[in-house]
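The block underneath contains the structure these notes are about, expressed in structure tokens.
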Amino acid sequence: MEQTLVILKPSAIHRGLIGEIINRFQNKGLIITGLKMMQLDETILREHYAHLVEKPFFPSLLESMMAAPVIVMCLEGKDAVETVRLMTGATNGRKALPGTIRGDFSMSGQENIVHASDSVENGKIELARFFKPGEIFNYTPSDLRFYYAPDEN
């Protein structure tokens, strides 16, 4: 099974959307194998957004991502990266389709509620950045047989 990182950003925290967003992932059949709240600092954000550090909007991104604690999650499932990306929608909330998390809860490119890993490789890197050894758990839900057909898991 694939694992991916999801961050519920300060915009989700401030707006009280934590439960609703987590519920969507669980209703889909994704398994939460790691979950914690943490306050991000400039050091971890510069590492996480290294590809954006030179962009003119980076200072406002830093400010936004440190405005409140975030929720970081490890979600697991078959094709978890692609599934989560489809569920989150386009980066700019104004362009995200209704029914997606950003399409339903965001009107912004920056205050877009959630971060999701964009590949399996980046998911592994990002999970290691936000979770210490022992903070991601390996377990099989008792009802897993109702999530997938026998030839899918």
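Just remember, in the structure tokens the first chain shown is A, the second B, etc., residues are 1-based per chain, and ligands are 1-based in the order shown.
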
For this session: Give the alpha helix (DSSP H) residues of chain A, as DSSP finds them on the backbone, and put them as a PyMOL selection string.
Result: chain A and resi 10-14+18-28+42-48+58-65+80-88+101-105+120-130

Exercise. What lies within 7 Å of Leu30 in chain A using only C-alpha atoms, ignoring chain neighbours under 3 positions off, as a PyMOL selection string?
Worked result: chain A and resi 25-26+75-77

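Residue nearest Asp41 in chain A, chosen from A:Leu62, A:Val84, A:Ile22, A:Leu127 and counting only C-alpha atoms: A:Leu62.
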
For this session: Select from range 2-151 of chain A everything DSSP, run on the backbone, classes as strand (DSSP E or B), then give the selection as a count of residues only.
Result: 26

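For Met73 in chain A, the residues within 8 Å (counting only C-alpha atoms, excluding itself and residues fewer than 5 positions away along the chain) are Leu5, Val6, Ile7, Ile32, Thr33, Gly34, Leu35 and Lys36 of chain A.
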
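Using only C-alpha atoms for every distance, the candidate list A:Lys78, A:His14, A:Lys132, A:Arg24 yields A:Arg24 as the residue closest to Ile101 in chain A.
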